[in-house]
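These notes are about the structure you will find just below.
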Amino acid sequence: MGLFGNLFKKIGLAVGLTKVSDEFYDELEEQLIMADVSAAAAMELTEGLRLEVKKRGLDDLESCEGLFREQITALLEQGDHELRLAPGELTVILFLGVNGVGKTTTIGKLAHQLKGRGMKVLVAAADTFRAAAIDQLAVWCERAGVDLIRHQEGADPGSVVYDAMAASHSRKADVLLVDTAGRLQTKSNLMEELKKIRRIIEREHPGQPAEVLLVLDAATGQNALSQAKLFKEAAGVTGVVLTKLDGTAKGGVVLGIQHEYGLPVKYTGWGEKVGDLEPFDAAGFCRRLFEPENE
């Protein structure tokens, strides 16, 4: 990924510096914003670095870069990155996200992983707005070897979730993964539907859903921040899955999401294969951000 690869060296060369200075910090903040880190997060990271550098009496770029890595890792480590599962009882995980972010693919990959850990998994196709979404989910469920609860296109998503909850209880499932629509006629319709689905889950199994995961395409950059804000307000998002990091995505948006909304990343998606979904590792993600770029 290498988003910040050689960043300090490049900034130093660009502004003709070998030591940190006010000019260096100005350039760093600008580079962070260009890397899809939110303006607020970029400002706080830059100021935090400035204060710590002064406190430690550092001035060379190499030492400052090491310190900056520590800051990034500390920010990424905030929050609970472990997937919440309820041993011995049903765990419901609700998936949100706009169309095209890789939500269905993520559900299929996670179903495969959880089944591989010995869990009985069901999937609910509550995105009834698009027949293609139901069919795609069916393919992934077949691939993962898990059952899909589905109705016809245009059916009431709430009824799908109700039936899926009943099936989960009768079949003694460990985990129910619920797909939801990413688009309806209006934004308010979509948000009301998501709230209704949550109410049904809570009524049928108090204490659930354990997780409400927002799937974001890393390549959408700053637009991912507005999606995070919208869905968190409407549906009580507990964490994020960041997809398509194998492409041209910068990945800096993770820092903005963590800083602005305190939403921990639970998983990262790196490809289309069933195994290309990784539990989030802050230190490992930070290393990828700072991978040297080819000159």
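Identifiers in the structure tokens: chain A, B, ... in order shown; residue index from 1 per chain; ligand index from 1 in order shown.
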Closest pair table for segment 84-113 of chain A residues within 7 Å of segment 159-179 of chain A, only C-alpha atoms, as a tab-separated table:
residue	atom	partner	partner_atom	distance
A:Glu89	CA	A:Asp174	CA	6.2
A:Leu90	CA	A:Asp174	CA	4.8
A:Thr91	CA	A:Val175	CA	4.7
A:Val92	CA	A:Leu176	CA	4.8
A:Ile93	CA	A:Leu177	CA	5.0
A:Leu94	CA	A:Val178	CA	4.9
A:Phe95	CA	A:Asp179	CA	5.3
A:Ile107	CA	A:Leu177	CA	6.9
Selection from above, C-alpha atoms, as a compact mmCIF listing (two decimals), in the first residue's frame, can you write it?
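Final output, result-v3.txt:
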# COMPACT_ATOMS: atom_id res chain seq x y z
CA GLU A 89 -26.10 -18.00 22.14
CA LEU A 90 -27.07 -16.40 18.85
CA THR A 91 -24.91 -13.55 17.59
CA VAL A 92 -26.51 -11.25 14.99
CA ILE A 93 -24.28 -9.09 12.80
CA LEU A 94 -25.94 -6.42 10.68
CA PHE A 95 -24.14 -5.19 7.54
CA ILE A 107 -20.60 -11.28 4.15
Can you tell me, as a compact mmCIF listing (two decimals) with N, CA and C atoms, in the first residue's frame, what residues are no more than 9 Å from Ser38 of chain A when counting only C-alpha atoms, ignoring any on the same chain fewer than 4 positions away?
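Result saved to out29.txt:
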# COMPACT_ATOMS: atom_id res chain seq x y z
N LEU A 32 -1.19 14.90 4.36
CA LEU A 32 -2.14 14.00 5.03
C LEU A 32 -3.55 14.20 4.49
N ILE A 33 -3.94 15.44 4.29
CA ILE A 33 -5.28 15.73 3.75
C ILE A 33 -5.40 15.16 2.34
N MET A 34 -4.35 15.28 1.55
CA MET A 34 -4.35 14.73 0.19
C MET A 34 -4.41 13.20 0.20
N ALA A 42 -5.80 15.28 10.34
CA ALA A 42 -4.50 15.73 9.86
C ALA A 42 -3.93 16.81 10.76
N MET A 43 -4.78 17.74 11.18
CA MET A 43 -4.34 18.83 12.05
C MET A 43 -3.89 18.29 13.41
N GLN A 222 -12.54 10.60 0.89
CA GLN A 222 -13.25 11.45 1.84
C GLN A 222 -14.76 11.17 1.87
N LEU A 225 -16.05 9.20 4.72
CA LEU A 225 -16.30 9.88 5.99
C LEU A 225 -17.77 10.30 6.11
N GLY A 252 -5.83 6.01 3.85
CA GLY A 252 -5.73 7.05 4.86
C GLY A 252 -7.05 7.40 5.50
N VAL A 253 -8.13 7.06 4.82
CA VAL A 253 -9.46 7.37 5.35
C VAL A 253 -9.71 6.66 6.68
N LEU A 255 -7.81 6.62 9.20
CA LEU A 255 -7.40 7.52 10.27
C LEU A 255 -8.49 8.55 10.56
N GLY A 256 -9.12 9.05 9.51
CA GLY A 256 -10.20 10.02 9.68
C GLY A 256 -11.41 9.41 10.36
N ILE A 257 -11.78 8.19 9.96
CA ILE A 257 -12.94 7.51 10.54
C ILE A 257 -12.70 7.23 12.02
N HIS A 259 -10.59 8.84 14.01
CA HIS A 259 -10.48 10.10 14.73
C HIS A 259 -11.82 10.79 14.88
N GLU A 260 -12.57 10.89 13.78
CA GLU A 260 -13.81 11.67 13.77
C GLU A 260 -14.94 10.96 14.51
* For atom CA of Gly269 of chain A and atom CA of Leu45 of chain A, determine how far apart the two atoms are, in Å to one decimal place. =>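 Atom CA of Gly269 of chain A sits 25.6 Å away from atom CA of Leu45 of chain A.
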Find the residues of segment 23-134 of chain A that sit at most 12 Å from segment 270-273 of chain A; for each, write down the nearest two atoms and how far apart they are in Å, to one decimal. Count only C-alpha atoms. Sort by chain, then by number going up, and give it as JSON lines.
{"residue": "A:Gly102", "atom": "CA", "partner": "A:Glu272", "partner_atom": "CA", "distance": 9.3}
{"residue": "A:Lys103", "atom": "CA", "partner": "A:Glu272", "partner_atom": "CA", "distance": 11.9}
{"residue": "A:Thr104", "atom": "CA", "partner": "A:Glu272", "partner_atom": "CA", "distance": 11.3}
{"residue": "A:Thr105", "atom": "CA", "partner": "A:Glu272", "partner_atom": "CA", "distance": 7.7}
{"residue": "A:Thr106", "atom": "CA", "partner": "A:Glu272", "partner_atom": "CA", "distance": 9.3}
{"residue": "A:Gly108", "atom": "CA", "partner": "A:Lys273", "partner_atom": "CA", "distance": 10.1}
{"residue": "A:Lys109", "atom": "CA", "partner": "A:Lys273", "partner_atom": "CA", "distance": 8.0}
{"residue": "A:Leu110", "atom": "CA", "partner": "A:Lys273", "partner_atom": "CA", "distance": 11.6}
{"residue": "A:His112", "atom": "CA", "partner": "A:Lys273", "partner_atom": "CA", "distance": 11.0}
{"residue": "A:Gln113", "atom": "CA", "partner": "A:Lys273", "partner_atom": "CA", "distance": 12.0}
How would the residues just picked look written out with all heavy atoms as a short mmCIF file (atom, residue, chain, number, x, y, z; two decimals), in the first residue's frame?
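So again22.cif came out as:
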data_model
loop_
_atom_site.label_atom_id
_atom_site.label_comp_id
_atom_site.auth_asym_id
_atom_site.auth_seq_id
_atom_site.Cartn_x
_atom_site.Cartn_y
_atom_site.Cartn_z
N GLY A 102 -18.73 -3.70 -1.77
CA GLY A 102 -18.23 -5.05 -1.46
C GLY A 102 -18.90 -5.66 -0.25
O GLY A 102 -18.35 -6.56 0.40
N LYS A 103 -20.12 -5.21 0.05
CA LYS A 103 -20.83 -5.70 1.24
C LYS A 103 -21.17 -7.18 1.12
O LYS A 103 -20.91 -7.96 2.05
CB LYS A 103 -22.11 -4.85 1.42
CG LYS A 103 -22.96 -5.17 2.61
CD LYS A 103 -23.84 -3.99 2.99
CE LYS A 103 -24.56 -3.36 1.81
NZ LYS A 103 -25.68 -4.19 1.29
N THR A 104 -21.75 -7.56 0.00
CA THR A 104 -22.14 -8.96 -0.20
C THR A 104 -20.92 -9.88 -0.16
O THR A 104 -20.94 -10.94 0.46
CB THR A 104 -22.87 -9.12 -1.55
OG1 THR A 104 -23.99 -8.22 -1.59
CG2 THR A 104 -23.37 -10.54 -1.74
N THR A 105 -19.86 -9.45 -0.82
CA THR A 105 -18.61 -10.23 -0.83
C THR A 105 -18.07 -10.39 0.58
O THR A 105 -17.62 -11.48 0.97
CB THR A 105 -17.56 -9.52 -1.71
OG1 THR A 105 -18.11 -9.31 -3.02
CG2 THR A 105 -16.30 -10.33 -1.83
N THR A 106 -18.11 -9.32 1.35
CA THR A 106 -17.62 -9.36 2.73
C THR A 106 -18.42 -10.35 3.57
O THR A 106 -17.85 -11.13 4.35
CB THR A 106 -17.70 -7.96 3.37
OG1 THR A 106 -16.83 -7.07 2.64
CG2 THR A 106 -17.28 -7.99 4.83
N GLY A 108 -20.03 -12.99 2.51
CA GLY A 108 -19.66 -14.34 2.07
C GLY A 108 -18.33 -14.79 2.66
O GLY A 108 -18.19 -15.93 3.13
N LYS A 109 -17.36 -13.88 2.67
CA LYS A 109 -16.04 -14.22 3.21
C LYS A 109 -16.11 -14.47 4.71
O LYS A 109 -15.49 -15.41 5.22
CB LYS A 109 -15.06 -13.07 2.94
CG LYS A 109 -14.69 -12.88 1.47
CD LYS A 109 -13.81 -11.64 1.35
CE LYS A 109 -13.44 -11.35 -0.10
NZ LYS A 109 -12.66 -10.09 -0.22
N LEU A 110 -16.86 -13.62 5.42
CA LEU A 110 -16.96 -13.78 6.87
C LEU A 110 -17.72 -15.07 7.22
O LEU A 110 -17.35 -15.78 8.17
CB LEU A 110 -17.63 -12.57 7.50
CG LEU A 110 -17.68 -12.57 9.04
CD1 LEU A 110 -16.28 -12.68 9.64
CD2 LEU A 110 -18.39 -11.32 9.55
N HIS A 112 -17.74 -17.79 5.54
CA HIS A 112 -16.78 -18.87 5.30
C HIS A 112 -15.81 -18.99 6.47
O HIS A 112 -15.52 -20.10 6.94
CB HIS A 112 -16.02 -18.58 4.00
CG HIS A 112 -14.98 -19.61 3.67
ND1 HIS A 112 -13.67 -19.50 4.07
CD2 HIS A 112 -15.08 -20.79 2.99
CE1 HIS A 112 -12.99 -20.56 3.64
NE2 HIS A 112 -13.81 -21.34 2.99
N GLN A 113 -15.31 -17.85 6.97
CA GLN A 113 -14.35 -17.87 8.07
C GLN A 113 -14.98 -18.40 9.36
O GLN A 113 -14.40 -19.22 10.07
CB GLN A 113 -13.79 -16.47 8.32
CG GLN A 113 -12.79 -16.01 7.26
CD GLN A 113 -12.09 -14.72 7.64
OE1 GLN A 113 -12.09 -14.32 8.80
NE2 GLN A 113 -11.50 -14.06 6.67
#
* Asked: Per DSSP on the backbone, what are the strand (DSSP E or B) residues of segment 109-239 of chain A, as a PyMOL selection string?
  -> chain A and resi 121-125+147-149+175-179+211-217+239
* Structure fact -> atom CA of Ile200 of chain A to atom CA of Thr238 of chain A measures 18.0 Å
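Between atom CA of Arg288 of chain A and atom CA of Asp36 of chain A the interatomic distance comes to 15.8 Å.
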Which of segment 14-190 of chain A end up as alpha helix (DSSP H) when DSSP is run on this backbone - answer as a tab-separated table (two decimals) with N, CA and C atoms, in the first residue's frame?
chain	number	residue	atom	x	y	z
A	14	ALA	N	11.18	18.19	-1.05
A	14	ALA	CA	10.30	19.17	-1.70
A	14	ALA	C	10.51	20.57	-1.14
A	15	VAL	N	10.71	20.66	0.19
A	15	VAL	CA	10.87	22.00	0.78
A	15	VAL	C	12.32	22.32	1.11
A	22	ASP	N	8.62	24.70	10.84
A	22	ASP	CA	7.22	25.07	10.62
A	22	ASP	C	6.80	24.75	9.20
A	23	GLU	N	7.69	24.97	8.26
A	23	GLU	CA	7.38	24.70	6.86
A	23	GLU	C	7.15	23.20	6.64
A	24	PHE	N	7.94	22.40	7.34
A	24	PHE	CA	7.78	20.95	7.24
A	24	PHE	C	6.40	20.53	7.74
A	25	TYR	N	5.98	21.04	8.89
A	25	TYR	CA	4.69	20.67	9.47
A	25	TYR	C	3.53	21.11	8.57
A	26	ASP	N	3.65	22.27	7.97
A	26	ASP	CA	2.61	22.75	7.05
A	26	ASP	C	2.47	21.78	5.88
A	27	GLU	N	3.60	21.35	5.35
A	27	GLU	CA	3.59	20.44	4.21
A	27	GLU	C	3.05	19.06	4.61
A	28	LEU	N	3.41	18.62	5.82
A	28	LEU	CA	2.93	17.33	6.31
A	28	LEU	C	1.41	17.32	6.43
A	29	GLU	N	0.87	18.38	6.99
A	29	GLU	CA	-0.59	18.47	7.15
A	29	GLU	C	-1.28	18.43	5.79
A	30	GLU	N	-0.72	19.13	4.83
A	30	GLU	CA	-1.31	19.16	3.48
A	30	GLU	C	-1.25	17.78	2.84
A	31	GLN	N	-0.12	17.08	3.02
A	31	GLN	CA	0.03	15.75	2.44
A	31	GLN	C	-0.95	14.75	3.06
A	32	LEU	N	-1.19	14.90	4.36
A	32	LEU	CA	-2.14	14.00	5.03
A	32	LEU	C	-3.55	14.20	4.49
A	33	ILE	N	-3.94	15.44	4.29
A	33	ILE	CA	-5.28	15.73	3.75
A	33	ILE	C	-5.40	15.16	2.34
A	34	MET	N	-4.35	15.28	1.55
A	34	MET	CA	-4.35	14.73	0.19
A	34	MET	C	-4.41	13.20	0.20
A	39	ALA	N	-9.39	16.55	7.51
A	39	ALA	CA	-8.68	17.77	7.89
A	39	ALA	C	-8.45	17.83	9.40
A	40	ALA	N	-9.48	17.44	10.16
A	40	ALA	CA	-9.37	17.49	11.63
A	40	ALA	C	-8.32	16.51	12.12
A	41	ALA	N	-8.31	15.30	11.56
A	41	ALA	CA	-7.33	14.30	11.98
A	41	ALA	C	-5.93	14.71	11.56
A	42	ALA	N	-5.80	15.28	10.34
A	42	ALA	CA	-4.50	15.73	9.86
A	42	ALA	C	-3.93	16.81	10.76
A	43	MET	N	-4.78	17.74	11.18
A	43	MET	CA	-4.34	18.83	12.05
A	43	MET	C	-3.89	18.29	13.41
A	44	GLU	N	-4.69	17.37	13.97
A	44	GLU	CA	-4.36	16.85	15.30
A	44	GLU	C	-3.08	16.01	15.26
A	45	LEU	N	-2.92	15.20	14.21
A	45	LEU	CA	-1.72	14.38	14.09
A	45	LEU	C	-0.47	15.26	13.94
A	46	THR	N	-0.60	16.29	13.12
A	46	THR	CA	0.54	17.19	12.90
A	46	THR	C	0.91	17.93	14.18
A	47	GLU	N	-0.08	18.45	14.88
A	47	GLU	CA	0.19	19.18	16.11
A	47	GLU	C	0.72	18.25	17.20
A	48	GLY	N	0.19	17.03	17.23
A	48	GLY	CA	0.67	16.06	18.20
A	48	GLY	C	2.14	15.72	17.97
A	49	LEU	N	2.50	15.60	16.69
A	49	LEU	CA	3.89	15.33	16.34
A	49	LEU	C	4.78	16.51	16.72
A	50	ARG	N	4.32	17.70	16.44
A	50	ARG	CA	5.09	18.92	16.74
A	50	ARG	C	5.40	18.99	18.26
A	51	LEU	N	4.39	18.74	19.08
A	51	LEU	CA	4.56	18.82	20.53
A	51	LEU	C	5.50	17.74	21.05
A	52	GLU	N	5.35	16.52	20.52
A	52	GLU	CA	6.18	15.42	21.00
A	52	GLU	C	7.63	15.57	20.54
A	53	VAL	N	7.81	16.06	19.33
A	53	VAL	CA	9.16	16.31	18.81
A	53	VAL	C	9.88	17.34	19.69
A	54	LYS	N	9.16	18.40	20.04
A	54	LYS	CA	9.73	19.45	20.90
A	54	LYS	C	10.03	18.90	22.29
A	55	LYS	N	9.10	18.08	22.79
A	55	LYS	CA	9.26	17.51	24.13
A	55	LYS	C	10.49	16.60	24.20
A	56	ARG	N	10.73	15.85	23.13
A	56	ARG	CA	11.84	14.90	23.13
A	56	ARG	C	13.15	15.51	22.61
A	61	LEU	N	14.65	14.26	10.46
A	61	LEU	CA	13.45	13.71	9.83
A	61	LEU	C	13.26	12.23	10.13
A	62	GLU	N	14.33	11.46	10.18
A	62	GLU	CA	14.22	10.03	10.39
A	62	GLU	C	13.62	9.71	11.77
A	63	SER	N	14.11	10.40	12.81
A	63	SER	CA	13.57	10.18	14.16
A	63	SER	C	12.11	10.61	14.23
A	64	CYS	N	11.79	11.70	13.54
A	64	CYS	CA	10.41	12.20	13.55
A	64	CYS	C	9.46	11.22	12.85
A	65	GLU	N	9.96	10.57	11.81
A	65	GLU	CA	9.11	9.60	11.10
A	65	GLU	C	8.80	8.41	12.02
A	66	GLY	N	9.79	7.96	12.78
A	66	GLY	CA	9.55	6.88	13.73
A	66	GLY	C	8.52	7.26	14.76
A	67	LEU	N	8.58	8.50	15.22
A	67	LEU	CA	7.62	9.00	16.19
A	67	LEU	C	6.23	9.10	15.58
A	68	PHE	N	6.18	9.51	14.31
A	68	PHE	CA	4.90	9.63	13.61
A	68	PHE	C	4.24	8.26	13.45
A	69	ARG	N	5.04	7.23	13.18
A	69	ARG	CA	4.52	5.86	13.09
A	69	ARG	C	3.87	5.46	14.42
A	70	GLU	N	4.52	5.81	15.52
A	70	GLU	CA	3.97	5.50	16.84
A	70	GLU	C	2.62	6.17	17.02
A	71	GLN	N	2.49	7.41	16.59
A	71	GLN	CA	1.23	8.15	16.69
A	71	GLN	C	0.12	7.48	15.88
A	72	ILE	N	0.47	7.10	14.65
A	72	ILE	CA	-0.52	6.48	13.77
A	72	ILE	C	-1.00	5.16	14.36
A	73	THR	N	-0.06	4.34	14.84
A	73	THR	CA	-0.41	3.06	15.43
A	73	THR	C	-1.31	3.25	16.65
A	74	ALA	N	-0.97	4.23	17.49
A	74	ALA	CA	-1.77	4.50	18.69
A	74	ALA	C	-3.19	4.90	18.33
A	75	LEU	N	-3.35	5.71	17.27
A	75	LEU	CA	-4.68	6.12	16.83
A	75	LEU	C	-5.47	4.91	16.33
A	76	LEU	N	-4.81	4.07	15.53
A	76	LEU	CA	-5.48	2.91	14.95
A	76	LEU	C	-5.86	1.86	15.99
A	77	GLU	N	-5.13	1.83	17.10
A	77	GLU	CA	-5.39	0.84	18.15
A	77	GLU	C	-6.59	1.18	19.02
A	103	LYS	N	-20.12	-5.21	0.05
A	103	LYS	CA	-20.83	-5.70	1.24
A	103	LYS	C	-21.17	-7.18	1.12
A	104	THR	N	-21.75	-7.56	0.00
A	104	THR	CA	-22.14	-8.96	-0.20
A	104	THR	C	-20.92	-9.88	-0.16
A	105	THR	N	-19.86	-9.45	-0.82
A	105	THR	CA	-18.61	-10.23	-0.83
A	105	THR	C	-18.07	-10.39	0.58
A	106	THR	N	-18.11	-9.32	1.35
A	106	THR	CA	-17.62	-9.36	2.73
A	106	THR	C	-18.42	-10.35	3.57
A	107	ILE	N	-19.74	-10.35	3.41
A	107	ILE	CA	-20.60	-11.28	4.15
A	107	ILE	C	-20.23	-12.73	3.80
A	108	GLY	N	-20.03	-12.99	2.51
A	108	GLY	CA	-19.66	-14.34	2.07
A	108	GLY	C	-18.33	-14.79	2.66
A	109	LYS	N	-17.36	-13.88	2.67
A	109	LYS	CA	-16.04	-14.22	3.21
A	109	LYS	C	-16.11	-14.47	4.71
A	110	LEU	N	-16.86	-13.62	5.42
A	110	LEU	CA	-16.96	-13.78	6.87
A	110	LEU	C	-17.72	-15.07	7.22
A	111	ALA	N	-18.77	-15.37	6.46
A	111	ALA	CA	-19.51	-16.61	6.67
A	111	ALA	C	-18.58	-17.81	6.55
A	112	HIS	N	-17.74	-17.79	5.54
A	112	HIS	CA	-16.78	-18.87	5.30
A	112	HIS	C	-15.81	-18.99	6.47
A	113	GLN	N	-15.31	-17.85	6.97
A	113	GLN	CA	-14.35	-17.87	8.07
A	113	GLN	C	-14.98	-18.40	9.36
A	114	LEU	N	-16.18	-17.91	9.66
A	114	LEU	CA	-16.84	-18.32	10.91
A	114	LEU	C	-17.22	-19.81	10.87
A	115	LYS	N	-17.67	-20.28	9.71
A	115	LYS	CA	-17.97	-21.71	9.58
A	115	LYS	C	-16.70	-22.52	9.76
A	116	GLY	N	-15.59	-22.00	9.24
A	116	GLY	CA	-14.30	-22.68	9.41
A	116	GLY	C	-13.86	-22.77	10.85
A	131	ALA	N	-32.73	-7.78	-7.10
A	131	ALA	CA	-32.67	-9.23	-7.29
A	131	ALA	C	-31.22	-9.69	-7.41
A	132	ALA	N	-30.39	-8.85	-8.04
A	132	ALA	CA	-28.98	-9.21	-8.24
A	132	ALA	C	-28.27	-9.39	-6.91
A	133	ALA	N	-28.65	-8.58	-5.92
A	133	ALA	CA	-28.01	-8.68	-4.60
A	133	ALA	C	-28.33	-10.02	-3.95
A	134	ILE	N	-29.59	-10.46	-4.08
A	134	ILE	CA	-30.00	-11.75	-3.51
A	134	ILE	C	-29.27	-12.89	-4.21
A	135	ASP	N	-29.21	-12.82	-5.54
A	135	ASP	CA	-28.56	-13.88	-6.31
A	135	ASP	C	-27.06	-13.95	-6.01
A	136	GLN	N	-26.43	-12.79	-5.88
A	136	GLN	CA	-25.00	-12.76	-5.59
A	136	GLN	C	-24.73	-13.35	-4.21
A	137	LEU	N	-25.59	-13.02	-3.26
A	137	LEU	CA	-25.44	-13.54	-1.91
A	137	LEU	C	-25.63	-15.06	-1.90
A	138	ALA	N	-26.55	-15.54	-2.72
A	138	ALA	CA	-26.80	-16.99	-2.81
A	138	ALA	C	-25.55	-17.72	-3.30
A	139	VAL	N	-24.86	-17.12	-4.27
A	139	VAL	CA	-23.62	-17.72	-4.80
A	139	VAL	C	-22.57	-17.81	-3.70
A	140	TRP	N	-22.41	-16.73	-2.95
A	140	TRP	CA	-21.41	-16.71	-1.88
A	140	TRP	C	-21.77	-17.69	-0.77
A	141	CYS	N	-23.05	-17.81	-0.45
A	141	CYS	CA	-23.47	-18.74	0.59
A	141	CYS	C	-23.21	-20.18	0.17
A	142	GLU	N	-23.46	-20.47	-1.10
A	142	GLU	CA	-23.18	-21.82	-1.61
A	142	GLU	C	-21.68	-22.10	-1.54
A	143	ARG	N	-20.90	-21.10	-1.88
A	143	ARG	CA	-19.44	-21.23	-1.84
A	143	ARG	C	-18.95	-21.47	-0.41
A	144	ALA	N	-19.59	-20.78	0.54
A	144	ALA	CA	-19.18	-20.89	1.94
A	144	ALA	C	-19.81	-22.10	2.63
A	157	PRO	N	-38.18	-6.22	3.73
A	157	PRO	CA	-36.94	-6.66	4.38
A	157	PRO	C	-37.16	-7.08	5.83
A	158	GLY	N	-38.10	-6.41	6.50
A	158	GLY	CA	-38.38	-6.77	7.88
A	158	GLY	C	-38.88	-8.20	8.02
A	159	SER	N	-39.69	-8.64	7.06
A	159	SER	CA	-40.22	-10.01	7.12
A	159	SER	C	-39.10	-11.03	6.88
A	160	VAL	N	-38.14	-10.66	6.04
A	160	VAL	CA	-36.98	-11.54	5.80
A	160	VAL	C	-36.20	-11.70	7.11
A	161	VAL	N	-35.96	-10.59	7.79
A	161	VAL	CA	-35.20	-10.62	9.04
A	161	VAL	C	-35.96	-11.39	10.11
A	162	TYR	N	-37.28	-11.20	10.17
A	162	TYR	CA	-38.11	-11.94	11.14
A	162	TYR	C	-37.99	-13.44	10.91
A	163	ASP	N	-38.11	-13.86	9.64
A	163	ASP	CA	-38.01	-15.28	9.32
A	163	ASP	C	-36.59	-15.80	9.60
A	164	ALA	N	-35.58	-14.97	9.34
A	164	ALA	CA	-34.20	-15.38	9.57
A	164	ALA	C	-33.93	-15.56	11.06
A	165	MET	N	-34.51	-14.68	11.88
A	165	MET	CA	-34.36	-14.81	13.33
A	165	MET	C	-35.02	-16.11	13.81
A	166	ALA	N	-36.20	-16.40	13.29
A	166	ALA	CA	-36.91	-17.63	13.67
A	166	ALA	C	-36.11	-18.86	13.25
A	167	ALA	N	-35.58	-18.82	12.04
A	167	ALA	CA	-34.77	-19.94	11.53
A	167	ALA	C	-33.50	-20.12	12.36
A	168	SER	N	-32.90	-19.00	12.76
A	168	SER	CA	-31.68	-19.06	13.57
A	168	SER	C	-31.94	-19.74	14.91
A	169	HIS	N	-33.09	-19.42	15.49
A	169	HIS	CA	-33.43	-20.03	16.78
A	169	HIS	C	-33.76	-21.52	16.62
A	170	SER	N	-34.57	-21.84	15.62
A	170	SER	CA	-35.00	-23.24	15.45
A	170	SER	C	-33.84	-24.14	15.03
A	187	LYS	N	-33.09	8.77	0.91
A	187	LYS	CA	-32.19	8.49	2.02
A	187	LYS	C	-32.96	8.23	3.31
A	188	SER	N	-34.03	9.00	3.52
A	188	SER	CA	-34.82	8.83	4.75
A	188	SER	C	-35.50	7.47	4.77
A	189	ASN	N	-35.98	6.99	3.60
A	189	ASN	CA	-36.58	5.66	3.52
A	189	ASN	C	-35.59	4.59	3.94
A	190	LEU	N	-34.36	4.73	3.44
A	190	LEU	CA	-33.31	3.76	3.75
A	190	LEU	C	-33.02	3.74	5.25
